[in-house]
Each structure stands twice: as structure tokens, then as C-alpha cells.
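Structure file protein_23.cif (mmCIF, C-alpha atoms; chains and numbers go by the auth columns) is printed below.
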data_structure
#
loop_
_atom_site.group_PDB
_atom_site.id
_atom_site.type_symbol
_atom_site.label_atom_id
_atom_site.label_comp_id
_atom_site.label_asym_id
_atom_site.label_seq_id
_atom_site.Cartn_x
_atom_site.Cartn_y
_atom_site.Cartn_z
_atom_site.B_iso_or_equiv
_atom_site.auth_seq_id
_atom_site.auth_asym_id
ATOM 1 C CA MET A 1 32.045 -45.355 35.560 0.00 1 T
ATOM 2 C CA ASP A 2 30.805 -41.879 34.563 0.00 2 T
ATOM 3 C CA THR A 3 27.807 -40.599 36.437 0.00 3 T
ATOM 4 C CA VAL A 4 25.508 -37.693 35.794 0.00 4 T
ATOM 5 C CA GLY A 5 25.252 -35.385 38.789 0.00 5 T
ATOM 6 C CA PRO A 6 21.964 -33.819 39.858 0.00 6 T
ATOM 7 C CA ASP A 7 23.078 -30.303 38.815 0.00 7 T
ATOM 8 C CA ARG A 8 23.955 -31.511 35.339 0.00 8 T
ATOM 9 C CA THR A 9 20.661 -33.398 35.059 0.00 9 T
ATOM 10 C CA LEU A 10 18.671 -30.306 36.111 0.00 10 T
ATOM 11 C CA THR A 11 20.544 -28.157 33.618 0.00 11 T
ATOM 12 C CA GLY A 12 19.857 -30.707 30.905 0.00 12 T
ATOM 13 C CA ARG A 13 16.154 -30.782 31.692 0.00 13 T
ATOM 14 C CA VAL A 14 15.936 -26.995 31.600 0.00 14 T
ATOM 15 C CA LEU A 15 17.876 -26.897 28.344 0.00 15 T
ATOM 16 C CA MET A 16 15.768 -29.615 26.725 0.00 16 T
ATOM 17 C CA THR A 17 12.522 -27.967 27.879 0.00 17 T
ATOM 18 C CA GLY A 18 13.681 -24.642 26.475 0.00 18 T
ATOM 19 C CA LEU A 19 14.623 -26.198 23.130 0.00 19 T
ATOM 20 C CA LEU A 20 11.290 -28.015 22.858 0.00 20 T
ATOM 21 C CA ALA A 21 9.388 -24.832 23.726 0.00 21 T
ATOM 22 C CA ALA A 22 11.388 -22.902 21.141 0.00 22 T
ATOM 23 C CA GLY A 23 10.710 -25.620 18.564 0.00 23 T
ATOM 24 C CA LEU A 24 6.971 -25.424 19.171 0.00 24 T
ATOM 25 C CA LEU A 25 7.083 -21.638 18.886 0.00 25 T
ATOM 26 C CA PHE A 26 9.019 -21.825 15.608 0.00 26 T
ATOM 27 C CA LEU A 27 6.550 -24.402 14.291 0.00 27 T
ATOM 28 C CA ALA A 28 3.599 -22.154 15.176 0.00 28 T
ATOM 29 C CA LEU A 29 5.253 -19.177 13.476 0.00 29 T
ATOM 30 C CA GLY A 30 5.843 -21.253 10.343 0.00 30 T
ATOM 31 C CA LEU A 31 2.195 -22.310 10.212 0.00 31 T
ATOM 32 C CA TRP A 32 1.127 -18.694 10.741 0.00 32 T
ATOM 33 C CA GLN A 33 3.265 -17.611 7.784 0.00 33 T
ATOM 34 C CA LEU A 34 1.590 -20.255 5.613 0.00 34 T
ATOM 35 C CA GLU A 35 -1.792 -18.816 6.600 0.00 35 T
ATOM 36 C CA ARG A 36 -0.547 -15.324 5.764 0.00 36 T
ATOM 37 C CA ARG A 37 0.650 -16.609 2.381 0.00 37 T
ATOM 38 C CA THR A 38 -2.790 -18.033 1.617 0.00 38 T
ATOM 39 C CA GLU A 39 -4.406 -14.699 2.531 0.00 39 T
ATOM 40 C CA LYS A 40 -1.877 -12.743 0.442 0.00 40 T
ATOM 41 C CA LEU A 41 -2.426 -14.955 -2.618 0.00 41 T
ATOM 42 C CA ALA A 42 -6.176 -14.440 -2.279 0.00 42 T
ATOM 43 C CA LEU A 43 -5.654 -10.664 -2.055 0.00 43 T
ATOM 44 C CA ILE A 44 -3.424 -10.635 -5.144 0.00 44 T
ATOM 45 C CA ALA A 45 -5.955 -12.666 -7.103 0.00 45 T
ATOM 46 C CA ALA A 46 -8.786 -10.330 -6.069 0.00 46 T
ATOM 47 C CA VAL A 47 -6.822 -7.215 -7.062 0.00 47 T
ATOM 48 C CA GLU A 48 -5.827 -8.744 -10.410 0.00 48 T
ATOM 49 C CA LYS A 49 -9.487 -9.469 -11.089 0.00 49 T
ATOM 50 C CA ARG A 50 -10.511 -5.890 -10.245 0.00 50 T
ATOM 51 C CA LEU A 51 -7.765 -4.469 -12.461 0.00 51 T
ATOM 52 C CA HIS A 52 -9.101 -6.227 -15.537 0.00 52 T
ATOM 53 C CA GLN A 53 -12.791 -5.588 -15.007 0.00 53 T
ATOM 54 C CA PRO A 54 -14.510 -2.931 -17.139 0.00 54 T
ATOM 55 C CA PRO A 55 -14.841 0.400 -15.337 0.00 55 T
ATOM 56 C CA SER A 56 -17.941 1.091 -13.274 0.00 56 T
ATOM 57 C CA ASP A 57 -19.262 4.430 -12.048 0.00 57 T
ATOM 58 C CA ALA A 58 -17.162 5.981 -9.278 0.00 58 T
ATOM 59 C CA PRO A 59 -18.948 5.710 -5.903 0.00 59 T
ATOM 60 C CA GLY A 60 -20.997 8.799 -5.096 0.00 60 T
ATOM 61 C CA PRO A 61 -21.871 10.283 -1.689 0.00 61 T
ATOM 62 C CA ARG A 62 -24.542 7.686 -0.920 0.00 62 T
ATOM 63 C CA ASP A 63 -21.957 4.899 -1.343 0.00 63 T
ATOM 64 C CA TRP A 64 -18.954 6.456 0.411 0.00 64 T
ATOM 65 C CA GLY A 65 -19.712 4.714 3.684 0.00 65 T
ATOM 66 C CA ARG A 66 -19.461 1.350 1.927 0.00 66 T
ATOM 67 C CA VAL A 67 -16.126 1.968 0.204 0.00 67 T
ATOM 68 C CA SER A 68 -13.581 -0.462 1.673 0.00 68 T
ATOM 69 C CA ARG A 69 -10.241 -2.119 0.955 0.00 69 T
ATOM 70 C CA ASP A 70 -12.131 -4.464 -1.373 0.00 70 T
ATOM 71 C CA ASP A 71 -12.672 -1.488 -3.701 0.00 71 T
ATOM 72 C CA VAL A 72 -9.020 -0.428 -3.928 0.00 72 T
ATOM 73 C CA TYR A 73 -7.654 -0.727 -7.486 0.00 73 T
ATOM 74 C CA ARG A 74 -11.174 -1.098 -8.868 0.00 74 T
ATOM 75 C CA SER A 75 -11.595 0.401 -12.330 0.00 75 T
ATOM 76 C CA VAL A 76 -13.965 3.364 -12.234 0.00 76 T
ATOM 77 C CA ARG A 77 -15.046 6.244 -14.437 0.00 77 T
ATOM 78 C CA VAL A 78 -16.532 9.640 -13.713 0.00 78 T
ATOM 79 C CA ARG A 79 -17.515 12.715 -15.702 0.00 79 T
ATOM 80 C CA GLY A 80 -17.013 16.298 -14.665 0.00 80 T
ATOM 81 C CA LEU A 81 -14.994 19.482 -14.922 0.00 81 T
ATOM 82 C CA PHE A 82 -11.417 19.866 -13.695 0.00 82 T
ATOM 83 C CA LEU A 83 -10.715 22.677 -11.196 0.00 83 T
ATOM 84 C CA HIS A 84 -7.140 23.297 -12.329 0.00 84 T
ATOM 85 C CA ASP A 85 -6.684 26.349 -10.123 0.00 85 T
ATOM 86 C CA ARG A 86 -6.915 24.084 -7.044 0.00 86 T
ATOM 87 C CA GLU A 87 -4.429 21.415 -8.067 0.00 87 T
ATOM 88 C CA THR A 88 -1.976 19.985 -5.533 0.00 88 T
ATOM 89 C CA LEU A 89 1.535 18.693 -6.184 0.00 89 T
ATOM 90 C CA VAL A 90 2.603 15.658 -4.163 0.00 90 T
ATOM 91 C CA GLN A 91 6.230 14.545 -4.185 0.00 91 T
ATOM 92 C CA ALA A 92 6.723 11.266 -6.037 0.00 92 T
ATOM 93 C CA ALA A 93 9.426 8.812 -7.057 0.00 93 T
ATOM 94 C CA THR A 94 8.629 6.846 -10.226 0.00 94 T
ATOM 95 C CA ARG A 95 10.399 4.897 -12.943 0.00 95 T
ATOM 96 C CA LEU A 96 10.721 8.257 -14.711 0.00 96 T
ATOM 97 C CA GLY A 97 12.641 9.686 -11.765 0.00 97 T
ATOM 98 C CA PRO A 98 11.735 12.086 -8.951 0.00 98 T
ATOM 99 C CA GLY A 99 9.028 14.666 -9.402 0.00 99 T
ATOM 100 C CA TYR A 100 5.398 15.266 -8.485 0.00 100 T
ATOM 101 C CA TRP A 101 1.954 13.764 -8.778 0.00 101 T
ATOM 102 C CA VAL A 102 -0.552 16.334 -10.034 0.00 102 T
ATOM 103 C CA LEU A 103 -3.775 15.945 -8.045 0.00 103 T
ATOM 104 C CA THR A 104 -6.579 17.979 -9.593 0.00 104 T
ATOM 105 C CA PRO A 105 -10.114 18.245 -8.175 0.00 105 T
ATOM 106 C CA LEU A 106 -12.890 17.184 -10.513 0.00 106 T
ATOM 107 C CA ARG A 107 -16.324 18.706 -9.986 0.00 107 T
ATOM 108 C CA THR A 108 -18.511 15.822 -11.096 0.00 108 T
ATOM 109 C CA ASP A 109 -21.782 16.050 -12.971 0.00 109 T
ATOM 110 C CA GLY A 110 -23.437 14.865 -9.754 0.00 110 T
ATOM 111 C CA GLY A 111 -22.251 17.986 -7.897 0.00 111 T
ATOM 112 C CA TRP A 112 -19.678 16.290 -5.659 0.00 112 T
ATOM 113 C CA THR A 113 -15.908 16.566 -5.898 0.00 113 T
ATOM 114 C CA LEU A 114 -13.220 13.973 -6.501 0.00 114 T
ATOM 115 C CA LEU A 115 -9.414 14.227 -6.456 0.00 115 T
ATOM 116 C CA VAL A 116 -7.865 12.859 -9.635 0.00 116 T
ATOM 117 C CA ASN A 117 -4.184 11.983 -9.835 0.00 117 T
ATOM 118 C CA ARG A 118 -3.672 13.117 -13.420 0.00 118 T
ATOM 119 C CA GLY A 119 -0.133 11.768 -13.457 0.00 119 T
ATOM 120 C CA PHE A 120 3.535 12.604 -12.991 0.00 120 T
ATOM 121 C CA VAL A 121 5.533 15.704 -13.878 0.00 121 T
ATOM 122 C CA PRO A 122 9.298 16.184 -13.428 0.00 122 T
ATOM 123 C CA PRO A 123 10.555 19.065 -11.245 0.00 123 T
ATOM 124 C CA GLU A 124 11.066 21.366 -14.237 0.00 124 T
ATOM 125 C CA HIS A 125 7.352 21.125 -15.079 0.00 125 T
ATOM 126 C CA ARG A 126 5.968 21.589 -11.607 0.00 126 T
ATOM 127 C CA GLY A 127 4.891 25.170 -12.314 0.00 127 T
ATOM 128 C CA ARG A 128 1.344 25.343 -13.639 0.00 128 T
ATOM 129 C CA PRO A 129 1.859 28.347 -16.005 0.00 129 T
ATOM 130 C CA GLY A 130 3.999 26.233 -18.318 0.00 130 T
ATOM 131 C CA ARG A 131 1.404 23.466 -18.381 0.00 131 T
ATOM 132 C CA ARG A 132 -1.721 25.616 -18.591 0.00 132 T
ATOM 133 C CA PRO A 133 -2.088 25.717 -22.423 0.00 133 T
ATOM 134 C CA GLY A 134 -2.421 21.931 -22.613 0.00 134 T
ATOM 135 C CA GLU A 135 -4.771 21.418 -19.678 0.00 135 T
ATOM 136 C CA PRO A 136 -8.052 19.602 -20.394 0.00 136 T
ATOM 137 C CA LYS A 137 -10.855 22.133 -20.715 0.00 137 T
ATOM 138 C CA GLY A 138 -14.583 21.612 -20.503 0.00 138 T
ATOM 139 C CA PRO A 139 -16.376 18.448 -19.374 0.00 139 T
ATOM 140 C CA VAL A 140 -14.219 15.313 -19.427 0.00 140 T
ATOM 141 C CA THR A 141 -14.686 11.637 -18.648 0.00 141 T
ATOM 142 C CA VAL A 142 -11.948 10.217 -16.456 0.00 142 T
ATOM 143 C CA ALA A 143 -11.249 6.496 -16.191 0.00 143 T
ATOM 144 C CA GLY A 144 -8.833 5.167 -13.627 0.00 144 T
ATOM 145 C CA LEU A 145 -8.167 3.127 -10.526 0.00 145 T
ATOM 146 C CA LEU A 146 -9.829 3.844 -7.197 0.00 146 T
ATOM 147 C CA ARG A 147 -7.176 4.432 -4.537 0.00 147 T
ATOM 148 C CA ALA A 148 -7.333 4.792 -0.763 0.00 148 T
ATOM 149 C CA SER A 149 -6.334 8.047 0.915 0.00 149 T
ATOM 150 C CA GLU A 150 -2.787 8.229 2.309 0.00 150 T
ATOM 151 C CA PRO A 151 -3.130 10.237 5.525 0.00 151 T
ATOM 152 C CA GLY A 152 -0.286 11.847 7.412 0.00 152 T
ATOM 153 C CA GLY A 153 2.586 11.871 4.976 0.00 153 T
ATOM 154 C CA ALA A 154 5.513 9.649 4.063 0.00 154 T
ATOM 155 C CA LEU A 155 8.189 7.971 6.145 0.00 155 T
ATOM 156 C CA LEU A 156 9.926 10.611 8.301 0.00 156 T
ATOM 157 C CA ARG A 157 8.183 13.405 6.371 0.00 157 T
ATOM 158 C CA SER A 158 4.796 14.719 7.430 0.00 158 T
ATOM 159 C CA ASN A 159 2.559 16.717 5.131 0.00 159 T
ATOM 160 C CA ASP A 160 2.806 20.444 5.784 0.00 160 T
ATOM 161 C CA PRO A 161 -0.365 22.092 4.443 0.00 161 T
ATOM 162 C CA ALA A 162 0.658 25.526 5.757 0.00 162 T
ATOM 163 C CA ARG A 163 3.708 25.481 3.468 0.00 163 T
ATOM 164 C CA ASP A 164 1.918 23.541 0.734 0.00 164 T
ATOM 165 C CA ARG A 165 4.371 20.655 1.004 0.00 165 T
ATOM 166 C CA TRP A 166 2.829 17.274 0.369 0.00 166 T
ATOM 167 C CA TYR A 167 4.474 13.872 0.639 0.00 167 T
ATOM 168 C CA SER A 168 1.377 11.666 0.465 0.00 168 T
ATOM 169 C CA ARG A 169 -2.020 11.842 -1.172 0.00 169 T
ATOM 170 C CA ASP A 170 -4.002 12.680 1.946 0.00 170 T
ATOM 171 C CA VAL A 171 -7.478 13.338 0.559 0.00 171 T
ATOM 172 C CA GLU A 172 -9.000 14.911 3.670 0.00 172 T
ATOM 173 C CA ALA A 173 -6.063 17.239 4.352 0.00 173 T
ATOM 174 C CA ILE A 174 -5.806 18.327 0.718 0.00 174 T
ATOM 175 C CA GLY A 175 -9.544 18.950 0.650 0.00 175 T
ATOM 176 C CA ARG A 176 -9.315 21.243 3.679 0.00 176 T
ATOM 177 C CA ALA A 177 -6.320 23.100 2.257 0.00 177 T
ATOM 178 C CA ARG A 178 -8.057 23.670 -1.089 0.00 178 T
ATOM 179 C CA GLY A 179 -11.505 24.461 0.323 0.00 179 T
ATOM 180 C CA LEU A 180 -13.200 21.523 -1.401 0.00 180 T
ATOM 181 C CA ASP A 181 -16.668 20.527 -0.267 0.00 181 T
ATOM 182 C CA THR A 182 -18.551 17.236 -0.685 0.00 182 T
ATOM 183 C CA LEU A 183 -15.222 15.532 -1.386 0.00 183 T
ATOM 184 C CA ALA A 184 -14.992 11.782 -1.977 0.00 184 T
ATOM 185 C CA PRO A 185 -12.874 9.976 0.667 0.00 185 T
ATOM 186 C CA TYR A 186 -10.771 8.333 -2.049 0.00 186 T
ATOM 187 C CA PHE A 187 -8.903 9.495 -5.137 0.00 187 T
ATOM 188 C CA ILE A 188 -8.460 8.133 -8.663 0.00 188 T
ATOM 189 C CA ASP A 189 -5.251 7.340 -10.525 0.00 189 T
ATOM 190 C CA ALA A 190 -6.048 8.329 -14.110 0.00 190 T
ATOM 191 C CA ARG A 191 -5.216 5.673 -16.683 0.00 191 T
ATOM 192 C CA THR A 192 -4.918 8.115 -19.554 0.00 192 T
ATOM 193 C CA GLY A 193 -3.912 11.746 -19.782 0.00 193 T
ATOM 194 C CA SER A 194 -3.508 14.621 -22.164 0.00 194 T
ATOM 195 C CA SER A 195 -1.143 14.133 -25.091 0.00 195 T
ATOM 196 C CA ALA A 196 -0.098 17.779 -24.962 0.00 196 T
ATOM 197 C CA ALA A 197 3.482 18.650 -24.106 0.00 197 T
ATOM 198 C CA ARG A 198 4.396 19.301 -20.477 0.00 198 T
ATOM 199 C CA GLN A 199 1.258 17.548 -19.244 0.00 199 T
ATOM 200 C CA PRO A 200 1.301 14.890 -16.498 0.00 200 T
ATOM 201 C CA VAL A 201 2.228 11.363 -17.550 0.00 201 T
ATOM 202 C CA ALA A 202 -0.570 9.033 -16.452 0.00 202 T
ATOM 203 C CA ALA A 203 -0.769 5.240 -16.059 0.00 203 T
ATOM 204 C CA LEU A 204 2.263 4.968 -13.787 0.00 204 T
ATOM 205 C CA THR A 205 0.394 3.217 -10.986 0.00 205 T
ATOM 206 C CA THR A 206 2.467 0.372 -9.558 0.00 206 T
ATOM 207 C CA VAL A 207 0.441 -2.556 -8.240 0.00 207 T
ATOM 208 C CA SER A 208 2.688 -4.913 -6.295 0.00 208 T
ATOM 209 C CA PHE A 209 2.456 -6.872 -3.088 0.00 209 T
ATOM 210 C CA SER A 210 5.405 -8.398 -1.268 0.00 210 T
ATOM 211 C CA ASN A 211 4.851 -12.122 -0.787 0.00 211 T
ATOM 212 C CA ASN A 212 7.797 -13.616 1.094 0.00 212 T
ATOM 213 C CA HIS A 213 5.675 -15.648 3.471 0.00 213 T
ATOM 214 C CA LEU A 214 6.803 -19.012 2.078 0.00 214 T
ATOM 215 C CA GLN A 215 10.448 -18.100 2.671 0.00 215 T
ATOM 216 C CA TYR A 216 9.637 -16.977 6.191 0.00 216 T
ATOM 217 C CA ALA A 217 7.702 -20.204 6.838 0.00 217 T
ATOM 218 C CA LEU A 218 10.583 -22.366 5.637 0.00 218 T
ATOM 219 C CA THR A 219 12.966 -20.418 7.874 0.00 219 T
ATOM 220 C CA TRP A 220 10.768 -20.978 10.930 0.00 220 T
ATOM 221 C CA PHE A 221 10.360 -24.668 10.106 0.00 221 T
ATOM 222 C CA ALA A 222 14.131 -25.050 9.761 0.00 222 T
ATOM 223 C CA LEU A 223 14.626 -23.438 13.170 0.00 223 T
ATOM 224 C CA ALA A 224 12.001 -25.795 14.630 0.00 224 T
ATOM 225 C CA ILE A 225 13.907 -28.795 13.252 0.00 225 T
ATOM 226 C CA LEU A 226 17.186 -27.491 14.686 0.00 226 T
ATOM 227 C CA ALA A 227 15.562 -26.954 18.081 0.00 227 T
ATOM 228 C CA ALA A 228 14.139 -30.500 18.046 0.00 228 T
ATOM 229 C CA PHE A 229 17.532 -31.903 17.022 0.00 229 T
ATOM 230 C CA GLY A 230 19.187 -30.003 19.858 0.00 230 T
ATOM 231 C CA ALA A 231 16.678 -31.362 22.375 0.00 231 T
ATOM 232 C CA LEU A 232 17.304 -34.893 21.105 0.00 232 T
ATOM 233 C CA ARG A 233 21.052 -34.464 21.481 0.00 233 T
ATOM 234 C CA VAL A 234 20.642 -33.260 25.063 0.00 234 T
ATOM 235 C CA ARG A 235 18.496 -36.299 25.852 0.00 235 T
ATOM 236 C CA ARG A 236 20.962 -38.683 24.225 0.00 236 T
ATOM 237 C CA ASP A 237 23.803 -37.208 26.240 0.00 237 T
ATOM 238 C CA GLY A 238 21.897 -38.203 29.332 0.00 238 T
ATOM 239 C CA ARG A 239 21.591 -34.687 30.680 0.00 239 T
ATOM 240 C CA GLY A 240 17.845 -34.564 30.164 0.00 240 T
ATOM 241 C CA SER A 241 17.088 -37.720 32.155 0.00 241 T
ATOM 242 C CA PRO A 242 17.386 -38.476 35.853 0.00 242 T
#

Please express the file's structure as C-alpha cells.
Amino acid sequence: MDTVGPDRTLTGRVLMTGLLAAGLLFLALGLWQLERRTEKLALIAAVEKRLHQPPSDAPGPRDWGRVSRDDVYRSVRVRGLFLHDRETLVQAATRLGPGYWVLTPLRTDGGWTLLVNRGFVPPEHRGRPGRRPGEPKGPVTVAGLLRASEPGGALLRSNDPARDRWYSRDVEAIGRARGLDTLAPYFIDARTGSSAARQPVAALTTVSFSNNHLQYALTWFALAILAAFGALRVRRDGRGSP
């Protein structure tokens, strides 16, 4: 008759306990991913709603302290005068290829300043002299999407204001470099631009959110089932019982 020695029984208990603990952990991670999925779907729905709402006035200085993530991608409009001589080029990669975002300060009718991403230009049009004849002149009304500042730079590349090299739309840093006062803590992606040649191409904002939480949840649940099956096999083999 086969017998199960004490060492084998102890090993089986440890193994079964470990598998059950792992199964519970995998189950908890799966449930957490389902919660994340619910939150992400709510965020996507909220952003979609903001994108299709009529534009409202861009928040002024008295409202800057209340601007939050719930305002990102909100349609706004503002009137003012572009300060073209203080524009900033930020490296960009778009469906049109590599190039630059043209961020131009707008001195609003209210006396405060706002950075406007007027759109994309390819490398051959980065120089302002070639674009100057078609630049908007005089008071303009800009409609676009409110965007959050992007401090620091991009992955593995930090903004270098001293060399005027920009890899992200860092509102505060650009404001310091260009000597802009009373500057809004956000910027606007313009929805329309000039039709003149060599001018920035607007309306290239990409609004997308990764939502793989259901796949992650199913993976964790599958691992939980495998762990439970493994624990059951250990018990059936008699190594998890005295």
C-alpha cells in the first residue's frame, strides 16, 4: 500500500496554500481591472460629450484655479491678437509625418495671454519668414479644444529652453522663455486655421484612450481558474491532506 510521508504532505500543503493565495490575488486583480474599465468608459463618455458641446468662453484668470481634468477637451473660444513674434515650435509626430506644432501666444481682449496651438507644419516650413505673409493679422476669434499643459518634455527627451528645443507643450516653461505674463495654465488646440499656403494645419488633435481592461481582467480570471485547478489537483493527489 502506498503511503504519503509527512514531508510530502507538508510540501503539498504549502503548494496548495500558495496556489489558493495566488488564485485569490488573480481574482482580486481581475475585479480591479473591471472597476478600471468602468471608470475608463465613464471618462470616454464624458470626453465625447465635451467634444460635441458648443464652445464656451475660455476660462479667464478668475477661473484658472478651478480648471481640472474635467475641462480637458472642452470646446472653448476666445478673442484676441496673436503675438507671432513669440511663437514656439514643438516637435510633433502626426498623420502628416514629423514636424512641429506652432504655439502662438494670443493676447486676449481681457488682457491675459493664452497659448494657442495653431497647428502642424512640416520641417521645411518651420522658419517663420516663409509663413509670415499668411499669418492672421488683427483681432481674431479662436475656437478649439482646451488642453492640459505637458510639463517636462517627452520620453527620454527633456525640453531645453536655453537652446529653444521643445518636445512637449509645457505652458509654464514656454511662458517663462517667451516673457509672457498673466498666462493661462492651459493651451488651446485650434480647430480651424488659416487657408493661406505654408500656414499650420489645424484640427489634427487625436482623442483616444486605451481601454484594454477587459482583456486584462479575463487574463487574471483565467490565471485564477488555473491556480484553483492546480490546488484541486494537489488535494486529489493526497499531498494536501494529512

I'd like the contact shell of stretch 188-201 of chain T - 6 Å cut-off, all atoms listed in the file, skipping same-chain residues fewer than 3 positions apart - returned as a CSV table (one decimal) with C-alpha atoms, in the coordinates of the input.
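Saved the output as selection-v3.csv:
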chain,number,residue,atom,x,y,z
T,116,VAL,CA,-7.9,12.9,-9.6
T,117,ASN,CA,-4.2,12.0,-9.8
T,118,ARG,CA,-3.7,13.1,-13.4
T,119,GLY,CA,-0.1,11.8,-13.5
T,120,PHE,CA,3.5,12.6,-13.0
T,121,VAL,CA,5.5,15.7,-13.9
T,131,ARG,CA,1.4,23.5,-18.4
T,134,GLY,CA,-2.4,21.9,-22.6
T,143,ALA,CA,-11.2,6.5,-16.2
T,144,GLY,CA,-8.8,5.2,-13.6
T,145,LEU,CA,-8.2,3.1,-10.5
T,146,LEU,CA,-9.8,3.8,-7.2
T,147,ARG,CA,-7.2,4.4,-4.5

Note to self: With the PyMOL selection byres ((chain T and resi 149) around 8) as the selection, what would be picked from this file? Answer as a ChimeraX atom specification, please.
What the structure shows: /T:147-148,150-151,169-172,185-187

Next, the residues of the selection above should be written as a PDB file, in the coordinates of the input with C-alpha atoms.
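Dumped to result.pdb:
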ATOM      1  CA  ARG T 147      -7.176   4.432  -4.537  1.00  0.00           C
ATOM      2  CA  ALA T 148      -7.333   4.792  -0.763  1.00  0.00           C
ATOM      3  CA  GLU T 150      -2.787   8.229   2.309  1.00  0.00           C
ATOM      4  CA  PRO T 151      -3.130  10.237   5.525  1.00  0.00           C
ATOM      5  CA  ARG T 169      -2.020  11.842  -1.172  1.00  0.00           C
ATOM      6  CA  ASP T 170      -4.002  12.680   1.946  1.00  0.00           C
ATOM      7  CA  VAL T 171      -7.478  13.338   0.559  1.00  0.00           C
ATOM      8  CA  GLU T 172      -9.000  14.911   3.670  1.00  0.00           C
ATOM      9  CA  PRO T 185     -12.874   9.976   0.667  1.00  0.00           C
ATOM     10  CA  TYR T 186     -10.771   8.333  -2.049  1.00  0.00           C
ATOM     11  CA  PHE T 187      -8.903   9.495  -5.137  1.00  0.00           C
TER      12      PHE T 187
END

Enclose the full set of atoms of stretch 180-187 of chain T listed in the file within a box whose edges lie along x, y and z, apply 4 Å of padding to each of the six sides, and report centre and edge lengths in Å to one decimal as JSON.
{"center_x": -13.7, "center_y": 14.9, "center_z": -2.2, "size_x": 17.6, "size_y": 21.2, "size_z": 13.8}

Check: Can you list, as a ChimeraX atom specification, every protein, DNA or RNA residue that comes within 12 Å of T:Leu51 when you count only C-alpha atoms, leaving out same-chain residues fewer than 5 positions away?
Finding: /T:44-46,56,70-76,144-147,191,205-207

Next item on the list: In Å, rounded to a single decimal, give me how far atom CA of T:Asp57 is from atom CA of T:Val102.
Entry: 22.3 Å

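Residue neighbourhood of T:Tyr216, excluding near-sequence residues (fewer than 4 positions): Gln33, Asn212 and Trp220 of chain T, at 7 Å, using all atoms listed in the file.
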
Check: Which residues come within 8 Å of T:Gly60, counting all atoms listed in the file, excluding same-chain residues fewer than 4 positions away, as a PyMOL selection string?
Finding: chain T and resi 64+112+184

Item checked: Using all atoms listed in the file: which of T:Ala173, T:Gly130, T:Arg69, T:Arg36 has the shortest distance to T:Arg50 ->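 When distances to T:Arg50 are compared using all atoms listed in the file, the smallest one comes from T:Arg69.
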
Item checked: Spatial neighbours of T:Leu31, 12 Å, all atoms listed in the file, chain gap at least 5 places, as a list in words -> Leu24, Leu25, Phe26, Arg36, Arg37, Thr38, His213, Leu214, Gln215, Tyr216, Ala217, Leu218, Thr219, Trp220, Phe221 and Ala224 of chain T

Using the chain letters and numbers from the file, give me the residues hit by the PyMOL selection byres ((chain T and resi 231) around 8), as a PDB file with C-alpha atoms, in the frame of the given file.
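What ended up in expr_35.pdb:
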ATOM      1  CA  LEU T  15      17.876 -26.897  28.344  1.00  0.00           C
ATOM      2  CA  MET T  16      15.768 -29.615  26.725  1.00  0.00           C
ATOM      3  CA  THR T  17      12.522 -27.967  27.879  1.00  0.00           C
ATOM      4  CA  LEU T  19      14.623 -26.198  23.130  1.00  0.00           C
ATOM      5  CA  LEU T  20      11.290 -28.015  22.858  1.00  0.00           C
ATOM      6  CA  ALA T 227      15.562 -26.954  18.081  1.00  0.00           C
ATOM      7  CA  ALA T 228      14.139 -30.500  18.046  1.00  0.00           C
ATOM      8  CA  PHE T 229      17.532 -31.903  17.022  1.00  0.00           C
ATOM      9  CA  GLY T 230      19.187 -30.003  19.858  1.00  0.00           C
ATOM     10  CA  LEU T 232      17.304 -34.893  21.105  1.00  0.00           C
ATOM     11  CA  ARG T 233      21.052 -34.464  21.481  1.00  0.00           C
ATOM     12  CA  VAL T 234      20.642 -33.260  25.063  1.00  0.00           C
ATOM     13  CA  ARG T 235      18.496 -36.299  25.852  1.00  0.00           C
TER      14      ARG T 235
END

Check: What does the distance from atom CA of T:Glu39 to atom CA of T:Gly23 come to in Å, to one decimal?
Finding: 24.6 Å
